[in-house]
$ cat start-v3.txt   # compact mmCIF, C-alpha atoms and all ligand atoms
# COMPACT_ATOMS: atom_id res chain seq x y z
CA MET L 898 0.00 0.00 0.00
CA ASP L 899 1.39 3.41 -0.85
CA LEU L 900 1.24 6.08 1.79
CA PRO L 901 -1.40 8.66 0.97
CA GLY L 902 -0.07 12.17 0.70
CA VAL L 903 3.61 11.26 0.59
CA SER L 904 4.63 13.15 -2.50
CA ALA L 905 7.68 15.23 -1.66
CA GLY L 906 10.02 12.28 -1.52
CA PRO L 907 10.23 8.84 -3.07
CA ARG L 908 7.37 6.35 -3.23
CA VAL L 909 6.97 4.30 -0.05
CA GLN L 910 5.53 0.82 0.09
CA ARG L 911 4.81 -0.54 3.54
CA ALA L 912 5.42 -4.13 4.56
CA ALA L 913 4.45 -5.79 7.83
CA ASP L 914 7.94 -6.81 8.85
CA ALA L 915 11.42 -7.60 7.60
CA ALA L 916 10.27 -10.89 6.01
CA ALA L 917 7.56 -9.07 4.08
CA ILE L 918 10.15 -6.53 2.90
CA ALA L 919 12.26 -9.42 1.60
CA ARG L 920 9.30 -10.87 -0.33
CA ALA L 921 8.35 -7.54 -1.90
CA ALA L 922 11.99 -6.82 -2.76
CA ALA L 923 12.47 -10.29 -4.30
CA GLU L 924 9.44 -9.66 -6.50
CA GLU L 925 10.95 -6.36 -7.71
CA VAL L 926 14.40 -7.84 -8.34
CA ALA L 927 13.04 -10.88 -10.18
CA ARG L 928 10.73 -8.82 -12.36
CA ARG L 929 13.29 -6.15 -13.22
CA ALA L 930 16.17 -8.55 -13.84
CA ALA L 931 14.01 -10.60 -16.19
CA ALA L 932 12.84 -7.48 -18.03
CA ALA L 933 16.39 -6.13 -18.38
CA ALA L 934 17.68 -9.45 -19.70
CA ALA L 935 14.81 -9.66 -22.20
CA LEU L 936 15.27 -6.06 -23.38
CA ARG L 937 19.04 -5.62 -23.24
CA GLY L 938 20.45 -9.15 -22.98
CA GLY L 939 21.68 -8.71 -19.42
CA ALA L 940 20.95 -7.19 -16.03
CA ALA L 941 23.30 -5.15 -13.83
CA LEU L 942 22.39 -5.44 -10.17
CA ALA L 943 24.14 -3.53 -7.36
CA LEU L 944 23.78 -5.17 -3.96
CA ALA L 945 23.55 -3.41 -0.61
CA GLY L 946 25.51 -4.35 2.48
CA GLY L 947 24.40 -4.20 6.09
CA SER L 948 22.02 -6.71 7.64
CA THR L 949 18.58 -5.92 6.20
CA PRO L 950 19.13 -7.37 2.69
CA LYS L 951 20.26 -10.76 4.00
CA ALA L 952 16.70 -12.09 4.11
CA LEU L 953 16.18 -10.93 0.51
CA TYR L 954 19.37 -12.63 -0.66
CA ARG L 955 18.38 -15.88 1.07
CA LEU L 956 14.93 -15.74 -0.44
CA LEU L 957 16.30 -15.17 -3.95
CA ALA L 958 18.53 -18.24 -3.49
CA ASP L 959 15.76 -20.42 -2.06
CA ALA L 960 14.75 -23.12 -4.54
CA ALA L 961 11.46 -23.59 -2.68
CA ALA L 962 10.47 -19.92 -3.14
CA PRO L 963 9.06 -18.65 -6.46
CA PHE L 964 11.73 -16.02 -7.19
CA ARG L 965 14.88 -18.00 -7.94
CA ALA L 966 13.48 -19.61 -11.08
CA ARG L 967 12.30 -16.24 -12.42
CA VAL L 968 15.73 -14.60 -12.35
CA PRO L 969 17.80 -15.20 -15.52
CA TRP L 970 20.93 -15.77 -13.39
CA PRO L 971 23.52 -16.34 -16.16
CA ALA L 972 22.56 -12.95 -17.61
CA VAL L 973 22.92 -11.18 -14.27
CA HIS L 974 26.05 -9.17 -13.46
CA VAL L 975 26.30 -8.53 -9.75
CA PHE L 976 28.03 -5.43 -8.38
CA PHE L 977 28.19 -3.85 -4.93
CA GLY L 978 27.07 -0.39 -3.89
CA ASP L 979 29.75 -0.26 -1.23
CA GLU L 980 32.29 -2.32 0.64
CA ARG L 981 34.45 -2.16 3.73
CA ALA L 982 38.26 -2.20 3.34
CA VAL L 983 38.60 -5.76 4.58
CA PRO L 984 39.40 -9.09 2.92
CA PRO L 985 36.47 -10.90 1.30
CA GLU L 986 36.49 -13.62 3.96
CA SER L 987 36.10 -11.08 6.80
CA SER L 988 32.80 -11.21 8.66
CA ASP L 989 32.62 -7.43 8.01
CA ALA L 990 32.77 -7.85 4.21
CA ASN L 991 29.55 -7.13 2.36
CA ALA L 992 30.83 -9.54 -0.30
CA ARG L 993 30.96 -12.35 2.23
CA MET L 994 27.39 -11.84 3.36
CA ALA L 995 26.19 -11.72 -0.25
CA ARG L 996 28.23 -14.77 -1.19
CA GLU L 997 26.99 -16.86 1.72
CA ALA L 998 23.35 -15.82 1.44
CA LEU L 999 23.02 -15.73 -2.36
CA LEU L 1000 25.93 -15.77 -4.77
CA SER L 1001 27.34 -19.20 -3.97
CA HIS L 1002 23.90 -20.73 -4.50
CA VAL L 1003 22.90 -19.39 -7.93
CA PRO L 1004 24.53 -19.58 -11.40
CA VAL L 1005 25.12 -15.85 -11.61
CA GLY L 1006 26.79 -14.58 -14.82
CA ALA L 1007 29.53 -12.58 -13.08
CA VAL L 1008 30.32 -11.10 -9.70
CA HIS L 1009 32.17 -7.78 -9.75
CA ARG L 1010 33.56 -7.48 -6.26
CA ILE L 1011 35.14 -4.44 -4.61
CA GLU L 1012 38.59 -5.62 -3.51
CA GLY L 1013 38.53 -4.24 0.00
CA GLU L 1014 41.68 -6.13 0.93
CA ARG L 1015 43.73 -3.73 -1.25
CA GLY L 1016 42.80 -0.75 0.91
CA ALA L 1017 40.04 1.75 0.12
CA ALA L 1018 41.96 4.03 -2.27
CA GLU L 1019 43.29 1.29 -4.52
CA ALA L 1020 40.08 -0.73 -4.35
CA ALA L 1021 38.11 2.34 -5.49
CA VAL L 1022 40.35 2.89 -8.54
CA ARG L 1023 40.21 -0.78 -9.49
CA TYR L 1024 36.45 -1.00 -9.04
CA GLU L 1025 35.91 2.10 -11.15
CA ASP L 1026 37.99 0.42 -13.84
CA GLU L 1027 35.86 -2.71 -13.49
CA LEU L 1028 32.78 -0.57 -14.12
CA PHE L 1029 34.41 1.01 -17.21
CA GLN L 1030 35.15 -2.48 -18.53
CA HIS L 1031 31.56 -3.59 -18.09
CA PHE L 1032 29.60 -0.47 -19.03
CA GLY L 1033 32.02 0.93 -21.59
CA ASP L 1034 32.83 4.52 -22.43
CA VAL L 1035 29.64 6.11 -21.14
CA PRO L 1036 29.00 9.29 -19.14
CA LEU L 1037 27.66 7.18 -16.27
CA PRO L 1038 27.03 3.48 -15.71
CA VAL L 1039 23.34 2.62 -15.66
CA PHE L 1040 22.42 -0.17 -13.25
CA ASP L 1041 19.11 -1.92 -13.77
CA VAL L 1042 18.60 -2.28 -10.02
CA VAL L 1043 20.46 -0.62 -7.15
CA LEU L 1044 19.63 -1.93 -3.69
CA LEU L 1045 20.28 0.49 -0.85
CA GLY L 1046 19.96 0.47 2.90
CA LEU L 1047 19.29 3.41 5.18
CA GLY L 1048 21.25 4.04 8.35
CA ALA L 1049 19.68 5.56 11.45
CA ASP L 1050 21.97 8.54 10.79
CA GLY L 1051 20.60 8.86 7.24
CA HIS L 1052 23.56 7.33 5.42
CA THR L 1053 23.14 5.12 2.40
CA ALA L 1054 25.76 2.95 0.71
CA SER L 1055 28.89 4.36 2.41
CA LEU L 1056 27.82 7.98 2.03
CA PHE L 1057 27.78 9.18 5.62
CA PRO L 1058 26.63 12.60 6.90
CA GLY L 1059 29.34 15.21 6.37
CA SER L 1060 31.47 12.90 4.21
CA PRO L 1061 33.53 14.46 1.42
CA ALA L 1062 32.27 11.58 -0.74
CA LEU L 1063 28.89 13.34 -0.89
CA GLU L 1064 30.48 16.18 -2.91
CA GLU L 1065 31.88 13.90 -5.59
CA ARG L 1066 30.21 14.46 -8.98
CA ARG L 1067 32.93 13.29 -11.37
CA ARG L 1068 34.22 9.95 -10.13
CA TRP L 1069 32.07 6.83 -10.12
CA VAL L 1070 33.67 5.24 -7.08
CA VAL L 1071 35.49 6.83 -4.14
CA PRO L 1072 37.14 5.79 -0.90
CA ALA L 1073 35.17 7.12 2.07
CA PRO L 1074 35.67 7.27 5.81
CA ALA L 1075 33.47 5.10 8.00
CA GLY L 1076 30.66 6.92 9.79
CA LEU L 1077 30.00 4.06 12.18
CA ALA L 1078 31.29 0.63 13.20
CA PRO L 1079 33.01 -1.32 11.80
CA TRP L 1080 35.55 1.53 11.83
CA VAL L 1081 37.32 0.61 8.65
CA ASP L 1082 37.51 2.74 5.52
CA ARG L 1083 34.84 2.17 2.89
CA VAL L 1084 34.57 2.22 -0.86
CA THR L 1085 31.34 3.53 -2.28
CA LEU L 1086 29.53 4.32 -5.51
CA THR L 1087 29.02 8.06 -5.76
CA LEU L 1088 25.72 9.95 -5.86
CA PRO L 1089 25.79 10.49 -9.68
CA VAL L 1090 26.11 6.74 -10.24
CA LEU L 1091 23.29 5.88 -7.84
CA GLU L 1092 21.18 8.60 -9.46
CA ALA L 1093 21.72 7.18 -12.96
CA ALA L 1094 20.17 3.79 -12.09
CA ARG L 1095 16.98 2.65 -13.78
CA PHE L 1096 15.57 1.56 -10.45
CA VAL L 1097 16.66 2.32 -6.88
CA LEU L 1098 15.20 0.18 -4.12
CA PHE L 1099 15.69 1.16 -0.47
CA LEU L 1100 15.15 -1.54 2.16
CA VAL L 1101 14.31 -0.01 5.54
CA ALA L 1102 13.44 -2.05 8.64
CA GLY L 1103 13.30 -1.28 12.33
CA ALA L 1104 12.10 1.46 14.66
CA ASP L 1105 15.60 2.95 14.86
CA LYS L 1106 15.19 3.93 11.19
CA ALA L 1107 11.91 5.83 11.67
CA ASN L 1108 13.47 9.29 11.92
CA ALA L 1109 15.82 8.74 8.98
CA LEU L 1110 12.92 7.40 6.91
CA ARG L 1111 10.85 10.47 7.74
CA ARG L 1112 13.77 12.69 6.70
CA LEU L 1113 14.08 10.75 3.45
CA VAL L 1114 10.43 10.79 2.40
CA ARG L 1115 9.19 13.95 4.16
CA PRO L 1116 12.13 16.30 4.48
CA ARG L 1117 11.24 19.49 6.35
CA ALA L 1118 12.11 22.95 5.11
CA GLY L 1119 15.35 24.18 6.57
CA GLU L 1120 16.39 20.71 7.69
CA GLU L 1121 19.88 19.52 6.76
CA PRO L 1122 19.29 16.81 4.14
CA ILE L 1123 20.46 13.36 5.12
CA PRO L 1124 22.72 11.62 2.58
CA ALA L 1125 19.92 9.33 1.37
CA ALA L 1126 17.74 12.38 0.66
CA MET L 1127 20.54 14.01 -1.37
CA LEU L 1128 20.00 11.34 -4.01
CA ARG L 1129 18.13 12.77 -7.00
CA PRO L 1130 17.39 9.64 -9.02
CA ARG L 1131 16.61 9.96 -12.72
CA GLY L 1132 14.85 6.61 -12.77
CA GLU L 1133 12.29 5.03 -10.50
CA VAL L 1134 12.72 4.87 -6.73
CA LEU L 1135 10.86 2.72 -4.25
CA VAL L 1136 11.28 2.62 -0.50
CA LEU L 1137 10.19 -0.65 1.08
CA ALA L 1138 9.70 0.01 4.78
CA ASP L 1139 8.36 -2.12 7.60
CA GLU L 1140 5.73 -0.97 10.08
CA ALA L 1141 8.34 -0.31 12.74
CA ALA L 1142 10.12 2.18 10.49
CA ALA L 1143 7.11 3.64 8.65
CA GLY L 1144 4.51 3.54 11.41
CA ASP L 1145 4.41 7.26 12.14
CA LEU L 1146 4.69 8.66 8.63
CA GLU L 1147 1.00 9.41 8.14
CA ALA L 1148 0.89 11.35 11.37
CA GLU L 1149 3.48 13.76 10.03
C1 LIG L 1201 27.03 -1.07 4.62
C2 LIG L 1201 25.89 -0.57 3.85
C3 LIG L 1201 25.04 0.44 4.54
C4 LIG L 1201 23.77 -0.25 5.04
C5 LIG L 1201 23.08 0.58 6.09
C6 LIG L 1201 21.88 -0.12 6.64
O1 LIG L 1201 27.97 -1.53 4.02
O2 LIG L 1201 26.96 -1.04 5.86
O3 LIG L 1201 25.76 -0.79 2.55
O4 LIG L 1201 24.70 1.55 3.79
O5 LIG L 1201 22.93 -0.52 3.97
O6 LIG L 1201 24.02 0.80 7.12
O7 LIG L 1201 22.32 -1.30 7.26
P1 LIG L 1201 21.37 -2.30 8.00
O8 LIG L 1201 20.57 -2.98 6.97
O9 LIG L 1201 22.31 -3.24 8.70
O10 LIG L 1201 20.55 -1.50 8.94
$ encode --input "start-v3.txt" --output "structure tokens"
Amino acid sequence: MDLPGVSAGPRVQRAADAAAIARAAAEEVARRAAAAAALRGGAALALAGGSTPKALYRLLADAAAPFRARVPWPAVHVFFGDERAVPPESSDANARMAREALLSHVPVGAVHRIEGERGAAEAAVRYEDELFQHFGDVPLPVFDVVLLGLGADGHTASLFPGSPALEERRRWVVPAPAGLAPWVDRVTLTLPVLEAARFVLFLVAGADKANALRRLVRPRAGEEPIPAAMLRPRGEVLVLADEAAAGDLEAE
């Protein structure tokens, strides 16, 4: 159900809980990956880190659920919206979570990992080059689906409040300081790249996200915009939020 009267910000779809978010997100990913593969011969999907998307990744990998068979896996190129400067086997690596929950279970066409073990600066340069190789000589890479989380402080990907990475309009990938634990440097896609995506899907669960969600979908005049609200997507945006996060929005 869309929230009535929420027009200033992105479209919000409410889900009962984190499991319902995962189901709604899996439906979006399956539908859009299949459409991209049919139209353009392939689908470029950027995964989010953090904990919320884990249930989605498990559901997409689940042979007993209806989504796995609908995704044209060999045509899917998987990327990451951000990564921590740690080796891929670290429990802090977004790549490890994605691999364990999803990527080691499906015949995905290619996985384009951010090499956090090289340190944030070098990993950013190499990942940008990886994007050039895949997308070619284009003004901006266009992902079919970008999955994003929302931090209680309003960050998304590894774009934290006050970060110099928020000012970047030329580079596609930058190293960025951590804004919260784990306190390791990050590598992140920049705002222009996130904005160029055909579809941006935020996954937001938990009462601790309620204020950030309000600032994303109903920013107030004079309020400092949170990083997630600085995103000006050219394509479609959908925010999937659970009741705990979205409960108070109508009262605003
Ligand atoms: C990361 C992320 C980050 C995350 C949010 C929300 O690497 O940590 O990509 O932007 O999506 O912090 O995380 P949760 O889902 O764990 O709340």
$ residues_near_ligand --input "start-v3.txt" --ligand "ligand LIG 1201 (chain L)" --cutoff "7 Å" --atoms "only C-alpha atoms and all ligand atoms" --output "compact mmCIF listing (two decimals) with C-alpha atoms, in the frame of the given file"
# COMPACT_ATOMS: atom_id res chain seq x y z
CA ALA L 945 23.55 -3.41 -0.61
CA GLY L 946 25.51 -4.35 2.48
CA GLY L 947 24.40 -4.20 6.09
CA SER L 948 22.02 -6.71 7.64
CA THR L 949 18.58 -5.92 6.20
CA PRO L 950 19.13 -7.37 2.69
CA GLY L 978 27.07 -0.39 -3.89
CA ASP L 979 29.75 -0.26 -1.23
CA GLU L 980 32.29 -2.32 0.64
CA ARG L 981 34.45 -2.16 3.73
CA ASN L 991 29.55 -7.13 2.36
CA LEU L 1045 20.28 0.49 -0.85
CA GLY L 1046 19.96 0.47 2.90
CA LEU L 1047 19.29 3.41 5.18
CA GLY L 1048 21.25 4.04 8.35
CA HIS L 1052 23.56 7.33 5.42
CA THR L 1053 23.14 5.12 2.40
CA ALA L 1054 25.76 2.95 0.71
CA SER L 1055 28.89 4.36 2.41
$ closest_residue --input "start-v3.txt" --among "L:Pro1122, L:Pro1038, L:Pro971, L:Pro963" --to "Glu1025 of chain L" --atoms "only C-alpha atoms"
L:Pro1038
$ closest_residue --input "start-v3.txt" --among "L:Arg1023, L:Arg955, L:His1009, L:His974" --to "Ala930 of chain L" --atoms "all atoms listed in the file"
L:His974
$ closest_residue --input "start-v3.txt" --among "L:Met994, L:Ala932, L:Val1039, L:Ala1141" --to "Ala1107 of chain L" --atoms "all atoms listed in the file"
L:Ala1141
$ atom_distance --input "start-v3.txt" --atom1 "atom CA of Glu1064 of chain L" --atom2 "atom CA of Leu1098 of chain L"
22.2 Å
$ atom_distance --input "start-v3.txt" --atom1 "atom CA of Pro1116 of chain L" --atom2 "atom CA of Ala912 of chain L"
21.5 Å
$ atom_distance --input "start-v3.txt" --atom1 "atom CA of Ala972 of chain L" --atom2 "atom CA of Ala990 of chain L"
24.6 Å
$ closest_residue --input "start-v3.txt" --among "L:Pro969, L:Gly1051, L:Gly1144, L:Gly938" --to "Pro1004 of chain L" --atoms "all atoms listed in the file"
L:Pro969
$ residues_around --input "start-v3.txt" --residues "Glu1065 of chain L" --least-positions-apart "4" --cutoff "8 Å" --atoms "only C-alpha atoms" --output "short mmCIF file (atom, residue, chain, number, x, y, z; two decimals) with C-alpha atoms, in the coordinates of the input"
data_model
loop_
_atom_site.label_atom_id
_atom_site.label_comp_id
_atom_site.auth_asym_id
_atom_site.auth_seq_id
_atom_site.Cartn_x
_atom_site.Cartn_y
_atom_site.Cartn_z
CA PRO L 1061 33.53 14.46 1.42
CA THR L 1087 29.02 8.06 -5.76
CA LEU L 1088 25.72 9.95 -5.86
#
$ closest_residue --input "start-v3.txt" --among "L:Leu1056, L:Val1043, L:Leu1100, L:Ala934" --to "Gly1132 of chain L" --atoms "only C-alpha atoms"
L:Val1043
$ closest_residue --input "start-v3.txt" --among "L:Trp1080, L:Phe1057, L:Phe1096, L:Trp970" --to "Glu1133 of chain L" --atoms "only C-alpha atoms"
L:Phe1096
$ residues_around --input "start-v3.txt" --residues "Ala943 of chain L" --least-positions-apart "4" --cutoff "8 Å" --atoms "all atoms listed in the file" --output "list of chain:residue names"
L:Val975, L:Phe976, L:Phe977, L:Gly978, L:Phe1040, L:Val1042, L:Val1043, L:Leu1044
$ residues_around --input "start-v3.txt" --residues "Val1090 of chain L" --least-positions-apart "4" --cutoff "9 Å" --atoms "only C-alpha atoms" --output "MDAnalysis selection string"
chainID L and resid 1037:1040 1066 1068:1070 1086 1094
